[in-house]
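Structure, as structure tokens:
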Amino acid sequence: QITIPESVTTIDRGAFTLCSGLTEITIPEGVTTIGNNAFRGCSSLTQITIPESVTTIGERAFYGCSGLTEITILPGSLTAIGEKAFEGCSGLTEITIPGSVTAIGEEAFEGCSGLTEITIPGSVTTIGKDAFAYCSSLTQITILTGVTMIDEDAFEGCSSLTQIIIPESVTTIGKGAFCDCSSLTEITISGSVTTIGKDAFAYCSSLTQITILTG
């Protein structure tokens, strides 16, 4: 167990990388940045609370924290979730992304195979490449109005997903965005979409209904 003193404002790059015995950590209010690889490979860490003061979660900050089951991100100043920030957190079942977040980086939650549902707030404009790829237990995705782009392979291999509604703010569905979502039966696409990329819904072998609304 580690308690970080309240005087700390930055947890820098690699600060606790591969501390595989670490089970609990308290991040105090006042920390603004969780750096790249800060807790990478802390495989025994089970829960974490991100305080309101944090504005950035860096690349690979919690990469491979396979024991992590719960992340609480308090509503506040967080604007960016970095590339691969939570990739491979296979024990994670739930996360709430606050409405202050504008960017979800590439592969941010890739391989979070225990994650069952996710809501993308309207403050986010782009869902990054591979952001939720191979989240194989994901059954529900809610994308709120405000998102404009679903990038390449964003939800590839989400094999438990059964339906998806693309909101009217989305204009681009990237290459392979929902490729190999083998349980997907129903898709509703708004009329504002101008581009559906190559293989966007390829190998969706259960798909029986596609509704494209008029613009």
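Just so we're on the same page: first chain in the structure tokens is A, next is B, and so on; residues restart at 1 for each chain, and ligands are numbered from 1 in the order they show up.
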
Inset, instruction - Please provide as an MDAnalysis selection string all residues within 12 Å of A:Asp12, with the sequence filter that same-chain residues fewer than 6 positions apart are discarded (counting only C-alpha atoms). - result: chainID A and resid 31:40 56:59 61

Can you spit out the residues from that selection as a compact mmCIF listing (two decimals), in the first residue's frame, using N, CA, C and O atoms?
```
# COMPACT_ATOMS: atom_id res chain seq x y z
N VAL A 31 -3.00 16.28 -7.42
CA VAL A 31 -2.27 15.69 -8.54
C VAL A 31 -2.98 16.07 -9.84
O VAL A 31 -4.20 15.89 -9.97
N THR A 32 -2.24 16.60 -10.79
CA THR A 32 -2.84 17.03 -12.06
C THR A 32 -2.48 16.10 -13.22
O THR A 32 -3.24 16.01 -14.18
N THR A 33 -1.35 15.41 -13.11
CA THR A 33 -0.88 14.58 -14.22
C THR A 33 -0.45 13.21 -13.71
O THR A 33 0.33 13.10 -12.77
N ILE A 34 -0.98 12.16 -14.38
CA ILE A 34 -0.49 10.81 -14.17
C ILE A 34 0.28 10.46 -15.44
O ILE A 34 -0.29 10.34 -16.53
N GLY A 35 1.58 10.38 -15.33
CA GLY A 35 2.47 10.30 -16.48
C GLY A 35 2.43 8.97 -17.22
O GLY A 35 1.84 7.98 -16.76
N ASN A 36 3.10 8.96 -18.36
CA ASN A 36 3.22 7.75 -19.17
C ASN A 36 3.83 6.61 -18.35
O ASN A 36 4.81 6.81 -17.63
N ASN A 37 3.23 5.43 -18.43
CA ASN A 37 3.75 4.22 -17.77
C ASN A 37 3.79 4.32 -16.25
O ASN A 37 4.47 3.52 -15.59
N ALA A 38 3.06 5.26 -15.67
CA ALA A 38 3.18 5.52 -14.23
C ALA A 38 2.92 4.28 -13.38
O ALA A 38 3.64 4.03 -12.41
N PHE A 39 1.89 3.50 -13.73
CA PHE A 39 1.55 2.30 -12.96
C PHE A 39 1.55 1.07 -13.86
O PHE A 39 0.89 0.07 -13.56
N ARG A 40 2.26 1.13 -14.94
CA ARG A 40 2.28 0.02 -15.91
C ARG A 40 2.71 -1.29 -15.23
O ARG A 40 3.69 -1.33 -14.49
N THR A 56 -4.83 14.91 -17.02
CA THR A 56 -4.32 14.01 -18.05
C THR A 56 -3.91 12.67 -17.46
O THR A 56 -3.19 12.63 -16.45
N ILE A 57 -4.38 11.60 -18.12
CA ILE A 57 -3.88 10.25 -17.82
C ILE A 57 -3.02 9.86 -19.01
O ILE A 57 -3.50 9.75 -20.13
N GLY A 58 -1.74 9.69 -18.77
CA GLY A 58 -0.78 9.50 -19.84
C GLY A 58 -0.84 8.15 -20.53
O GLY A 58 -1.57 7.23 -20.11
N GLU A 59 -0.03 8.02 -21.58
CA GLU A 59 0.05 6.77 -22.34
C GLU A 59 0.51 5.62 -21.45
O GLU A 59 1.44 5.77 -20.66
N ALA A 61 -0.53 4.46 -18.81
CA ALA A 61 -0.47 4.78 -17.38
C ALA A 61 -0.82 3.58 -16.50
O ALA A 61 -0.21 3.35 -15.46
```

Legend entry - For A:Ile164: contacts at 9 Å, only C-alpha atoms, fewer than 5 positions along chain excluded, given as a ChimeraX atom specification: /A:140-143,184-189

Create the file for the chosen residues now, containing C-alpha atoms and written as a PDB file, in the first residue's frame.
```
ATOM      1  CA  GLN A 140     -23.719  -2.281 -24.371  1.00  0.00           C
ATOM      2  CA  ILE A 141     -22.160   0.831 -25.877  1.00  0.00           C
ATOM      3  CA  THR A 142     -23.870   4.194 -25.540  1.00  0.00           C
ATOM      4  CA  ILE A 143     -22.412   6.914 -27.750  1.00  0.00           C
ATOM      5  CA  LEU A 184     -24.158  -7.728 -33.520  1.00  0.00           C
ATOM      6  CA  THR A 185     -27.713  -8.105 -34.845  1.00  0.00           C
ATOM      7  CA  GLU A 186     -28.884  -4.524 -35.303  1.00  0.00           C
ATOM      8  CA  ILE A 187     -27.295  -1.210 -36.341  1.00  0.00           C
ATOM      9  CA  THR A 188     -28.882   2.224 -36.587  1.00  0.00           C
ATOM     10  CA  ILE A 189     -26.838   4.805 -38.486  1.00  0.00           C
TER      11      ILE A 189
END
```

Legend entry - Exercise: stretch 132-139 of chain A partners within 8 Å, only C-alpha atoms, chain neighbours under 5 positions left out, as a PyMOL selection string: chain A and resi 107-118+153-162

Inset, instruction - State, in Å with one decimal place, the distance from atom CA of A:Glu52 to atom CA of A:Glu29. - result: 6.7 Å

Legend entry - Secondary structure check, strand (DSSP E or B) residues of stretch 120-149 of chain A, as number ranges by chain: A: 120, 126-127, 140-143, 145, 147, 149

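Among the candidates A:Gly99, A:Gly82, A:Gly67, A:Pro28, the residue lying nearest to A:Thr145 is A:Gly99 (atoms considered: only C-alpha atoms).
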
Legend entry - Counting only C-alpha atoms, the option among A:Ile4, A:Leu18, A:Val193, A:Ile212 closest to A:Gly64: A:Leu18

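Proximity to A:Ile150 at 6 Å, evaluated using only C-alpha atoms and with sequence-adjacent residues fewer than 3 positions away removed, yields Ile127, Ile173 and Gly174 of chain A.
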
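Taking atom CA of A:Arg13 as the reference point, atom CA of A:Val101 is found at 21.2 Å.
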
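With only C-alpha atoms as the basis for measurement, A:Ile95 is the residue among A:Ile210, A:Val124, A:Cys89, A:Ile95 that approaches A:Leu74 most closely.
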
Legend entry - Long-range neighbours of A:Cys204 as a ChimeraX atom specification, 6 Å cut-off, only C-alpha atoms, 4 positions minimum in chain: /A:180-182

Inset, instruction - Write out as a PyMOL selection string the residues lying within 10 Å of A:Val170, counting only C-alpha atoms and excluding same-chain residues fewer than 4 positions away. - result: chain A and resi 125-126+143-150+166+189-195

Export of prior selection with N, CA and C atoms as a tab-separated table (two decimals), in the first residue's frame:
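File selection_38.tsv, as written:
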```
chain	number	residue	atom	x	y	z
A	125	THR	N	-14.97	14.00	-29.00
A	125	THR	CA	-15.22	14.19	-30.43
A	125	THR	C	-14.77	12.99	-31.25
A	126	THR	N	-13.68	12.36	-30.84
A	126	THR	CA	-13.16	11.21	-31.58
A	126	THR	C	-12.91	10.04	-30.64
A	143	ILE	N	-23.20	5.81	-27.20
A	143	ILE	CA	-22.41	6.91	-27.75
A	143	ILE	C	-23.32	8.14	-27.77
A	144	LEU	N	-22.98	9.14	-26.97
A	144	LEU	CA	-23.84	10.32	-26.87
A	144	LEU	C	-23.54	11.31	-27.99
A	145	THR	N	-24.54	12.13	-28.30
A	145	THR	CA	-24.41	13.14	-29.35
A	145	THR	C	-23.28	14.11	-29.01
A	146	GLY	N	-22.40	14.33	-29.95
A	146	GLY	CA	-21.20	15.15	-29.77
A	146	GLY	C	-20.01	14.47	-30.41
A	147	VAL	N	-20.00	13.15	-30.34
A	147	VAL	CA	-18.95	12.37	-31.01
A	147	VAL	C	-19.11	12.53	-32.52
A	148	THR	N	-18.01	12.86	-33.20
A	148	THR	CA	-18.08	13.06	-34.65
A	148	THR	C	-17.39	11.94	-35.44
A	149	MET	N	-16.44	11.26	-34.81
A	149	MET	CA	-15.68	10.24	-35.53
A	149	MET	C	-15.46	8.99	-34.67
A	150	ILE	N	-15.78	7.85	-35.26
A	150	ILE	CA	-15.44	6.56	-34.68
A	150	ILE	C	-14.28	6.03	-35.51
A	166	ILE	N	-25.70	4.75	-33.79
A	166	ILE	CA	-24.72	5.79	-34.11
A	166	ILE	C	-25.45	7.14	-34.06
A	189	ILE	N	-27.82	3.80	-38.08
A	189	ILE	CA	-26.84	4.80	-38.49
A	189	ILE	C	-27.58	6.08	-38.85
A	190	SER	N	-27.15	7.20	-38.28
A	190	SER	CA	-27.82	8.47	-38.55
A	190	SER	C	-27.49	8.96	-39.96
A	191	GLY	N	-28.36	9.82	-40.46
A	191	GLY	CA	-28.19	10.36	-41.81
A	191	GLY	C	-27.06	11.33	-41.96
A	192	SER	N	-26.44	11.73	-40.85
A	192	SER	CA	-25.31	12.66	-40.93
A	192	SER	C	-24.01	11.98	-41.31
A	193	VAL	N	-23.98	10.65	-41.25
A	193	VAL	CA	-22.76	9.91	-41.61
A	193	VAL	C	-22.49	10.05	-43.10
A	194	THR	N	-21.29	10.50	-43.43
A	194	THR	CA	-20.91	10.67	-44.84
A	194	THR	C	-19.92	9.61	-45.31
A	195	THR	N	-19.22	8.98	-44.36
A	195	THR	CA	-18.22	7.98	-44.73
A	195	THR	C	-18.33	6.75	-43.83
```

Legend entry - Gap from atom CA of A:Thr172 to atom CA of A:Thr79 - Å, one decimal: 22.0 Å
